[in-house]
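**Q** Got a structure here, written out as structure tokens. Questions coming.
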Amino acid sequence: MIRQPEDRQPGTGTRIIDPSRGSNQTRLRAYNERLVMSLVRRHGSLAKADIARRTGLSPQTVSVIMRALERDSLLVRGEPVRGRVGQPSIPMALNPDAIYSIGLKIGRRSADLVLMDFVGVVRKLIRVTFAYPLPDRIVDFVATGLHTLTEELDSAQRKRVVGLGIAAPFELWNWLEQVGAPPDEMDSWRDFDFATAMVGITDLPVFIQNDATAACGAELVFGRGRDFADFAYIFVGSFIGGGLVLNHAVFAGRTGNAGAFGPIMVPGADGRPEQLLNRASIFALENKLKKAGVDPSPLWLRPDDWPDYGDLLIEWIDETARNIAISIVSITAVIDIEAVLIDGGFPDSVRHQMLQAIKKEFAALDRQGIREPQIVEATVGHEARVIGGATLPIFDRYMVDQNVLVKAPE
């Protein structure tokens, strides 16, 4: 059965009680091991001397930790690096096959399940599309999908699957008009409990986080977000959402809703204020295609390979970029951030066009009084939400928080 969570604070992920955690001494050792693995993950590979300098731990302590991690196959040795004097240093890296995690993304038009390895590579992905999501459909998808994802793993590999991370929008029952879903059916999400629903399907620990926040976390861990201490992350999906990173850590806020940029007010079609999520979303493109008699299903079936929609796509990109640019002014007027990262549930080529259009629109706005951020492309891409979900169990068990203080290298 799924272990009961310690707490269920919205948007922060569901913390799972792990009975293997023992005394304070054991926890301290686990923390230092997590610290070492977090540094190795962040830098790709590190030698023992580099880790000692960055953490302030003694070389002897680092050696003991790294021997233990290597013995457990969590770290693997790289090729020796020879310096001018002394013994060659041996960089250590995370072993991709040491740990696996399952990620589930629930969207308003599709759901994804992935099997991800220890370094963030998606080993297998399955997708289902629908007119609108319902709990029973999602549970059935997970039940069959878990078998599909793990059927090629041997018994030892299956034991290395550490959890199921779920990335889902808050309040799935809202915005019914845009989704085209019957209110009585979507209301079933109000009291839906994922942990209870997963009993009988899997004995894996279950973690839950807002989908856009999860995507932001994936970009911070695996993407361009590593280059910035503070940034806003904007993800254009069925609707538009995002996340906020402060001091190298995702800031979820008091209720887990920080960085939910969709409610930012922008000029509507009639000039009156309207929420950004109504003016910048893939739903808006879907409606545009439907009105023109064009099949919109590839938007959800093939998020990495859209057809050439010609002028309709260009028009949508321009409209979306204009409203995102206005929102960036609002965001940077409140939070002094280094960068704004742009991503979405679309092909990389569309993301690039979107970025160029946003920069153009931003440059045309009155920006007096704000410190202009860099506006750059994110790199994780359309799978960011499900990758972010799969990251939750790995970080809970093997990594430290992103804002851990470490000693600067000498």
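Naming scheme: A, B, ... for chains in displayed order of the structure tokens; residues 1 onward per chain; ligands 1 onward as shown.
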Go through range 224-252 of chain A residue by residue and, counting only C-alpha atoms, keep those with an atom at most 12 Å from range 164-175 of chain A; for each kept residue give the shortest atom pair and its distance in Å to one decimal, ordered by chain and increasing number, as CSV.
**A**
```
residue,atom,partner,partner_atom,distance
A:Gly237,CA,A:Pro169,CA,10.8
A:Ser238,CA,A:Pro169,CA,10.3
A:Phe239,CA,A:Trp175,CA,9.5
A:Ile240,CA,A:Pro169,CA,10.6
A:Gly241,CA,A:Pro169,CA,9.2
A:Gly242,CA,A:Pro169,CA,11.0
```
**Q** What does the file look like for those residues with C-alpha atoms, as a JSON list (two decimals), in the first residue's frame?
**A**
```
[["chain", "number", "residue", "atom", "x", "y", "z"],
["A", 237, "GLY", "CA", 0.43, 24.67, -22.44],
["A", 238, "SER", "CA", -3.31, 24.00, -22.69],
["A", 239, "PHE", "CA", -3.37, 27.16, -20.59],
["A", 240, "ILE", "CA", -0.36, 29.20, -19.52],
["A", 241, "GLY", "CA", 1.44, 28.76, -16.22],
["A", 242, "GLY", "CA", 4.88, 28.93, -14.81]]
```
**Q** Check the DSSP output for the backbone and give back, as a CSV table (one decimal) with N, CA and C atoms, in the first residue's frame, the residues of range 24-251 of chain A in alpha helix (DSSP H).
**A**
```
chain,number,residue,atom,x,y,z
A,24,ASN,N,19.5,10.2,14.5
A,24,ASN,CA,20.0,11.5,14.0
A,24,ASN,C,21.3,11.2,13.3
A,25,GLN,N,22.2,10.3,13.8
A,25,GLN,CA,23.5,10.1,13.2
A,25,GLN,C,23.3,9.5,11.8
A,26,THR,N,22.3,8.6,11.6
A,26,THR,CA,22.0,8.0,10.3
A,26,THR,C,21.5,9.1,9.4
A,27,ARG,N,20.7,10.0,9.9
A,27,ARG,CA,20.2,11.1,9.0
A,27,ARG,C,21.3,12.0,8.6
A,28,LEU,N,22.2,12.3,9.5
A,28,LEU,CA,23.3,13.2,9.1
A,28,LEU,C,24.1,12.6,8.0
A,29,ARG,N,24.4,11.3,8.1
A,29,ARG,CA,25.2,10.6,7.1
A,29,ARG,C,24.4,10.7,5.8
A,30,ALA,N,23.1,10.4,5.8
A,30,ALA,CA,22.3,10.5,4.6
A,30,ALA,C,22.4,11.9,4.0
A,31,TYR,N,22.3,12.9,4.8
A,31,TYR,CA,22.4,14.3,4.3
A,31,TYR,C,23.7,14.5,3.6
A,32,ASN,N,24.8,14.1,4.1
A,32,ASN,CA,26.1,14.3,3.5
A,32,ASN,C,26.2,13.6,2.2
A,33,GLU,N,25.6,12.4,2.1
A,33,GLU,CA,25.6,11.6,0.9
A,33,GLU,C,24.7,12.3,-0.2
A,34,ARG,N,23.6,12.9,0.3
A,34,ARG,CA,22.7,13.6,-0.6
A,34,ARG,C,23.5,14.8,-1.2
A,35,LEU,N,24.2,15.5,-0.3
A,35,LEU,CA,24.9,16.7,-0.7
A,35,LEU,C,26.0,16.4,-1.8
A,36,VAL,N,26.7,15.3,-1.6
A,36,VAL,CA,27.7,14.8,-2.6
A,36,VAL,C,27.0,14.5,-3.9
A,37,MET,N,25.9,13.8,-3.9
A,37,MET,CA,25.2,13.4,-5.1
A,37,MET,C,24.6,14.6,-5.8
A,38,SER,N,24.1,15.6,-5.0
A,38,SER,CA,23.6,16.8,-5.6
A,38,SER,C,24.6,17.6,-6.3
A,39,LEU,N,25.8,17.7,-5.7
A,39,LEU,CA,26.9,18.4,-6.4
A,39,LEU,C,27.4,17.7,-7.6
A,40,VAL,N,27.5,16.4,-7.6
A,40,VAL,CA,27.9,15.6,-8.8
A,40,VAL,C,26.9,15.8,-9.9
A,41,ARG,N,25.6,15.8,-9.5
A,41,ARG,CA,24.5,16.0,-10.5
A,41,ARG,C,24.6,17.3,-11.1
A,42,ARG,N,24.8,18.4,-10.3
A,42,ARG,CA,24.9,19.7,-10.8
A,42,ARG,C,26.0,20.0,-11.8
A,43,HIS,N,27.2,19.3,-11.5
A,43,HIS,CA,28.4,19.6,-12.3
A,43,HIS,C,28.7,18.5,-13.3
A,48,LYS,N,37.0,13.8,-5.8
A,48,LYS,CA,36.9,13.9,-4.4
A,48,LYS,C,37.4,15.3,-3.9
A,49,ALA,N,38.6,15.7,-4.4
A,49,ALA,CA,39.2,17.0,-3.9
A,49,ALA,C,38.2,18.1,-4.2
A,50,ASP,N,37.6,18.1,-5.4
A,50,ASP,CA,36.6,19.2,-5.7
A,50,ASP,C,35.5,19.2,-4.8
A,51,ILE,N,34.9,18.1,-4.4
A,51,ILE,CA,33.8,18.0,-3.5
A,51,ILE,C,34.2,18.5,-2.1
A,52,ALA,N,35.4,18.1,-1.7
A,52,ALA,CA,35.8,18.6,-0.3
A,52,ALA,C,35.9,20.1,-0.3
A,53,ARG,N,36.4,20.7,-1.3
A,53,ARG,CA,36.6,22.2,-1.4
A,53,ARG,C,35.2,22.8,-1.4
A,54,ARG,N,34.3,22.3,-2.1
A,54,ARG,CA,33.0,22.9,-2.3
A,54,ARG,C,32.1,22.7,-1.1
A,55,THR,N,32.2,21.7,-0.3
A,55,THR,CA,31.4,21.4,0.8
A,55,THR,C,31.9,21.8,2.2
A,59,PRO,N,38.6,15.7,3.5
A,59,PRO,CA,38.9,14.7,2.4
A,59,PRO,C,38.6,13.3,2.9
A,60,GLN,N,38.9,13.0,4.1
A,60,GLN,CA,38.6,11.6,4.6
A,60,GLN,C,37.1,11.3,4.6
A,61,THR,N,36.3,12.3,5.1
A,61,THR,CA,34.8,12.1,5.1
A,61,THR,C,34.3,11.9,3.7
A,62,VAL,N,34.8,12.7,2.7
A,62,VAL,CA,34.4,12.6,1.3
A,62,VAL,C,34.7,11.3,0.8
A,63,SER,N,35.9,10.8,1.1
A,63,SER,CA,36.4,9.5,0.6
A,63,SER,C,35.4,8.4,1.1
A,64,VAL,N,35.1,8.4,2.3
A,64,VAL,CA,34.2,7.4,2.9
A,64,VAL,C,32.8,7.4,2.2
A,65,ILE,N,32.3,8.7,2.0
A,65,ILE,CA,31.0,8.8,1.4
A,65,ILE,C,31.0,8.3,0.0
A,66,MET,N,32.0,8.7,-0.8
A,66,MET,CA,32.1,8.3,-2.2
A,66,MET,C,32.3,6.8,-2.4
A,67,ARG,N,33.1,6.2,-1.5
A,67,ARG,CA,33.3,4.7,-1.5
A,67,ARG,C,31.9,4.0,-1.3
A,68,ALA,N,31.2,4.6,-0.3
A,68,ALA,CA,29.9,4.0,0.0
A,68,ALA,C,28.9,4.1,-1.2
A,69,LEU,N,28.9,5.3,-1.9
A,69,LEU,CA,28.0,5.5,-3.0
A,69,LEU,C,28.4,4.7,-4.2
A,70,GLU,N,29.8,4.5,-4.4
A,70,GLU,CA,30.2,3.7,-5.5
A,70,GLU,C,29.9,2.2,-5.2
A,71,ARG,N,30.0,1.8,-4.0
A,71,ARG,CA,29.7,0.4,-3.6
A,71,ARG,C,28.2,0.1,-3.9
A,135,PRO,N,-11.1,11.4,-13.6
A,135,PRO,CA,-10.3,10.6,-12.7
A,135,PRO,C,-10.2,9.1,-13.0
A,136,ASP,N,-11.3,8.5,-13.4
A,136,ASP,CA,-11.3,7.1,-13.7
A,136,ASP,C,-10.5,6.8,-14.9
A,137,ARG,N,-10.5,7.7,-15.9
A,137,ARG,CA,-9.7,7.5,-17.1
A,137,ARG,C,-8.2,7.6,-16.8
A,138,ILE,N,-7.8,8.5,-15.9
A,138,ILE,CA,-6.4,8.6,-15.5
A,138,ILE,C,-6.0,7.4,-14.7
A,139,VAL,N,-6.8,6.9,-13.8
A,139,VAL,CA,-6.4,5.8,-13.0
A,139,VAL,C,-6.2,4.6,-13.9
A,140,ASP,N,-7.1,4.4,-14.9
A,140,ASP,CA,-7.0,3.2,-15.8
A,140,ASP,C,-5.7,3.4,-16.6
A,141,PHE,N,-5.4,4.6,-17.1
A,141,PHE,CA,-4.2,4.9,-17.8
A,141,PHE,C,-2.9,4.5,-17.0
A,142,VAL,N,-2.9,4.9,-15.7
A,142,VAL,CA,-1.8,4.6,-14.9
A,142,VAL,C,-1.7,3.1,-14.7
A,143,ALA,N,-2.8,2.4,-14.4
A,143,ALA,CA,-2.8,1.0,-14.2
A,143,ALA,C,-2.1,0.2,-15.3
A,144,THR,N,-2.6,0.5,-16.5
A,144,THR,CA,-2.0,-0.2,-17.7
A,144,THR,C,-0.6,0.4,-18.1
A,145,GLY,N,-0.4,1.7,-17.9
A,145,GLY,CA,0.8,2.3,-18.3
A,145,GLY,C,2.0,1.9,-17.4
A,146,LEU,N,1.8,1.6,-16.1
A,146,LEU,CA,2.9,1.2,-15.3
A,146,LEU,C,3.5,-0.1,-15.8
A,147,HIS,N,2.6,-1.0,-16.2
A,147,HIS,CA,3.0,-2.3,-16.7
A,147,HIS,C,3.8,-2.1,-18.0
A,148,THR,N,3.3,-1.3,-18.9
A,148,THR,CA,4.0,-1.0,-20.1
A,148,THR,C,5.4,-0.4,-19.9
A,149,LEU,N,5.5,0.5,-19.0
A,149,LEU,CA,6.8,1.2,-18.8
A,149,LEU,C,7.8,0.2,-18.2
A,150,THR,N,7.4,-0.7,-17.4
A,150,THR,CA,8.4,-1.6,-16.6
A,150,THR,C,8.5,-3.0,-17.2
A,155,SER,N,14.0,-8.0,-12.7
A,155,SER,CA,13.5,-7.9,-11.4
A,155,SER,C,14.4,-7.0,-10.5
A,156,ALA,N,15.7,-7.0,-10.8
A,156,ALA,CA,16.6,-6.1,-10.1
A,156,ALA,C,16.4,-4.6,-10.5
A,157,GLN,N,16.1,-4.4,-11.7
A,157,GLN,CA,15.8,-3.0,-12.2
A,157,GLN,C,14.5,-2.5,-11.6
A,158,ARG,N,13.5,-3.4,-11.5
A,158,ARG,CA,12.2,-2.9,-11.0
A,158,ARG,C,12.3,-2.5,-9.5
A,176,LEU,N,-14.1,25.2,-17.4
A,176,LEU,CA,-14.9,24.2,-18.1
A,176,LEU,C,-15.3,24.7,-19.5
A,177,GLU,N,-15.6,26.0,-19.6
A,177,GLU,CA,-16.0,26.5,-20.9
A,177,GLU,C,-14.9,26.3,-22.0
A,178,GLN,N,-13.7,26.6,-21.6
A,178,GLN,CA,-12.6,26.5,-22.5
A,178,GLN,C,-12.3,25.0,-22.9
A,179,VAL,N,-12.4,24.1,-21.9
A,179,VAL,CA,-12.1,22.7,-22.1
A,179,VAL,C,-13.3,22.0,-22.8
A,183,PRO,N,-19.8,20.1,-16.5
A,183,PRO,CA,-19.4,20.5,-15.1
A,183,PRO,C,-19.6,19.3,-14.2
A,184,ASP,N,-20.7,18.5,-14.3
A,184,ASP,CA,-20.9,17.5,-13.3
A,184,ASP,C,-19.8,16.4,-13.4
A,185,GLU,N,-19.2,16.1,-14.6
A,185,GLU,CA,-18.2,15.1,-14.7
A,185,GLU,C,-16.9,15.7,-14.1
A,186,MET,N,-16.5,16.9,-14.5
A,186,MET,CA,-15.3,17.5,-14.0
A,186,MET,C,-15.3,17.8,-12.5
A,194,PHE,N,-5.3,11.3,-4.9
A,194,PHE,CA,-4.4,10.4,-5.7
A,194,PHE,C,-3.9,9.2,-4.9
A,195,ALA,N,-3.5,9.5,-3.7
A,195,ALA,CA,-2.9,8.4,-2.9
A,195,ALA,C,-3.8,7.3,-2.7
A,196,THR,N,-5.1,7.6,-2.4
A,196,THR,CA,-6.1,6.5,-2.2
A,196,THR,C,-6.3,5.8,-3.5
A,197,ALA,N,-6.4,6.6,-4.6
A,197,ALA,CA,-6.6,6.0,-5.9
A,197,ALA,C,-5.5,5.0,-6.4
A,198,MET,N,-4.3,5.3,-5.9
A,198,MET,CA,-3.2,4.5,-6.4
A,198,MET,C,-3.1,3.2,-5.6
A,211,ASP,N,1.6,21.2,-12.0
A,211,ASP,CA,2.3,20.8,-13.2
A,211,ASP,C,3.3,21.9,-13.7
A,212,ALA,N,2.9,23.1,-13.6
A,212,ALA,CA,3.8,24.2,-14.1
A,212,ALA,C,5.0,24.3,-13.1
A,213,THR,N,4.8,24.2,-11.8
A,213,THR,CA,5.8,24.2,-10.8
A,213,THR,C,6.8,23.0,-11.1
A,214,ALA,N,6.2,21.9,-11.4
A,214,ALA,CA,7.1,20.7,-11.7
A,214,ALA,C,7.9,21.0,-12.9
A,215,ALA,N,7.3,21.6,-13.9
A,215,ALA,CA,8.1,21.9,-15.2
A,215,ALA,C,9.2,22.9,-14.9
A,216,CYS,N,8.9,23.8,-14.0
A,216,CYS,CA,10.0,24.8,-13.6
A,216,CYS,C,11.1,24.1,-12.9
A,217,GLY,N,10.8,23.1,-12.0
A,217,GLY,CA,11.8,22.3,-11.3
A,217,GLY,C,12.6,21.5,-12.3
A,218,ALA,N,12.0,21.0,-13.3
A,218,ALA,CA,12.8,20.2,-14.3
A,218,ALA,C,13.7,21.1,-15.1
A,219,GLU,N,13.3,22.3,-15.4
A,219,GLU,CA,14.2,23.3,-16.1
A,219,GLU,C,15.4,23.7,-15.2
A,220,LEU,N,15.1,23.9,-13.9
A,220,LEU,CA,16.1,24.2,-12.9
A,220,LEU,C,17.2,23.1,-12.8
A,221,VAL,N,16.7,21.9,-12.8
A,221,VAL,CA,17.6,20.7,-12.5
A,221,VAL,C,18.3,20.3,-13.8
A,222,PHE,N,17.6,20.2,-14.9
A,222,PHE,CA,18.2,19.6,-16.1
A,222,PHE,C,18.4,20.6,-17.3
```
**Q** Go through range 209-389 of chain A and collect every residue that DSSP, computed from the backbone, puts in strand (DSSP E or B); the answer should be as JSON, numbers by chain.
**A** {"A": [209, 210, 231, 232, 233, 234, 235, 236, 240, 241, 242, 243, 244, 245, 246, 249, 250, 265, 266, 267, 273, 274, 275, 339, 340, 341, 342, 343, 344, 374, 375, 376, 377]}
**Q** So that I can check the surroundings of Ser330 in chain A, please list as JSON, numbers by chain every protein, DNA and RNA residue that reaches within 10 Å of it, counting only C-alpha atoms and ignoring chain neighbours fewer than 5 positions away.
**A** {"A": [261, 264, 265, 266, 324, 325, 335, 367, 370]}
**Q** Store the residues picked out above in a file with C-alpha atoms, as a short mmCIF file (atom, residue, chain, number, x, y, z; two decimals), in the first residue's frame.
**A**
```cif
data_model
loop_
_atom_site.label_atom_id
_atom_site.label_comp_id
_atom_site.auth_asym_id
_atom_site.auth_seq_id
_atom_site.Cartn_x
_atom_site.Cartn_y
_atom_site.Cartn_z
CA PHE A 261 1.22 33.75 -14.13
CA ILE A 264 -1.99 38.36 -14.75
CA MET A 265 -4.24 40.95 -16.39
CA VAL A 266 -3.56 41.95 -19.99
CA ILE A 324 3.52 37.43 -22.58
CA ALA A 325 5.71 40.50 -23.14
CA ILE A 335 10.46 40.76 -8.65
CA ARG A 367 10.13 49.56 -19.70
CA ILE A 370 12.39 48.09 -14.35
#
```
**Q** Env of Ala284 in chain A: 12 Å cut, atoms = only C-alpha atoms, seq-sep filter 3 positions within chain, self excluded. Answer as a CSV table (one decimal) with C-alpha atoms, in the first residue's frame.
**A**
```csv
chain,number,residue,atom,x,y,z
A,178,GLN,CA,-12.6,26.5,-22.5
A,179,VAL,CA,-12.1,22.7,-22.1
A,236,VAL,CA,2.6,27.8,-22.6
A,237,GLY,CA,0.4,24.7,-22.4
A,238,SER,CA,-3.3,24.0,-22.7
A,239,PHE,CA,-3.4,27.2,-20.6
A,240,ILE,CA,-0.4,29.2,-19.5
A,276,LEU,CA,-3.4,36.1,-19.6
A,277,LEU,CA,-4.5,32.5,-19.7
A,278,ASN,CA,-7.4,33.6,-22.0
A,279,ARG,CA,-5.0,35.4,-24.3
A,280,ALA,CA,-2.0,33.0,-24.4
A,281,SER,CA,-2.6,29.3,-24.6
A,287,ASN,CA,-10.0,27.4,-31.3
A,288,LYS,CA,-8.4,29.4,-34.2
A,289,LEU,CA,-7.8,26.2,-36.1
A,290,LYS,CA,-11.3,24.9,-35.5
A,291,LYS,CA,-12.8,28.1,-36.8
A,296,PRO,CA,-6.3,20.6,-34.3
A,299,LEU,CA,-1.5,19.8,-31.2
A,312,LEU,CA,-2.7,30.8,-38.5
A,313,LEU,CA,0.3,29.7,-36.4
A,315,GLU,CA,-0.9,34.9,-36.0
A,316,TRP,CA,-1.2,32.9,-32.8
A,317,ILE,CA,2.5,33.3,-32.0
A,319,GLU,CA,-0.8,37.4,-30.2
A,320,THR,CA,0.7,35.1,-27.6
```
**Q** Give me the residues near Leu301 in chain A as a compact mmCIF listing (two decimals) with C-alpha atoms, in the first residue's frame, where near means some atom within 12 Å (using only C-alpha atoms) and where sequence neighbours in that chain fewer than 4 positions away do not count.
**A**
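As written to disk, around29.txt reads:
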```
# COMPACT_ATOMS: atom_id res chain seq x y z
CA ARG A 109 -6.17 17.32 -23.39
CA SER A 110 -3.60 14.59 -22.73
CA ALA A 111 -1.72 12.61 -20.09
CA ASP A 112 1.85 11.28 -20.21
CA ILE A 126 3.42 6.66 -23.34
CA ARG A 127 0.66 9.18 -24.01
CA VAL A 128 -3.11 9.22 -24.09
CA THR A 129 -5.32 12.03 -25.44
CA PHE A 130 -8.91 12.88 -24.56
CA ALA A 131 -11.50 15.62 -24.87
CA ASP A 295 -7.91 19.57 -37.62
CA PRO A 296 -6.32 20.60 -34.28
CA SER A 297 -5.68 17.07 -32.96
CA ASP A 305 6.02 17.72 -34.41
CA TRP A 306 3.21 20.07 -35.35
CA PRO A 307 2.08 20.39 -38.97
CA GLY A 345 3.98 22.11 -25.11
CA PHE A 346 5.10 22.62 -28.69
```
**Q** Can you tell me which residues surround Asp348 in chain A at a distance of at most 9 Å, considering only C-alpha atoms, apart from same-chain residues fewer than 4 positions away, and format the answer as number ranges by chain?
**A** A: 304-305, 343-344, 352-353, 379, 381-382
**Q** What is the CA of Asp230 in chain A to CA of Leu341 in chain A distance in Å?
**A**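 Straight-line distance from CA of Asp230 in chain A to CA of Leu341 in chain A works out to 10.6 Å.
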**Q** Pick from A:Gly225, A:Gly389, A:Pro298, A:Gly271: nearest to Ala339 in chain A, with only C-alpha atoms counted?
**A**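 Of the candidates, the smallest distance to Ala339 in chain A is held by A:Gly225.
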**Q** Please report the interatomic distance between CA of Val376 in chain A and CA of Arg224 in chain A in Å with one decimal.
**A** 8.8 Å
**Q** Please provide as a CSV table (one decimal) with C-alpha atoms, in the first residue's frame all residues within 10 Å of Val329 in chain A, with the sequence filter that same-chain residues fewer than 5 positions apart are discarded (counting only C-alpha atoms).
**A**
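As written to disk, part25.csv reads:
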```csv
chain,number,residue,atom,x,y,z
A,324,ILE,CA,3.5,37.4,-22.6
A,334,VAL,CA,7.5,43.2,-8.7
A,362,PHE,CA,9.0,43.5,-25.1
A,365,LEU,CA,6.9,48.4,-24.5
A,366,ASP,CA,7.6,51.2,-22.0
A,367,ARG,CA,10.1,49.6,-19.7
A,368,GLN,CA,11.1,52.6,-17.7
A,369,GLY,CA,11.6,51.8,-14.0
A,370,ILE,CA,12.4,48.1,-14.4
A,371,ARG,CA,15.7,46.3,-14.7
A,372,GLU,CA,15.3,44.3,-17.9
A,373,PRO,CA,15.8,40.5,-17.6
```
**Q** CA of Ala93 in chain A and CA of Val119 in chain A are how many Å apart?
**A** 9.6 Å
**Q** Point out the residue among A:Val340, A:Met354, A:Ala98, A:Ile314 with the least atom-to-atom distance to Phe228 in chain A, counting only C-alpha atoms.
**A** A:Val340
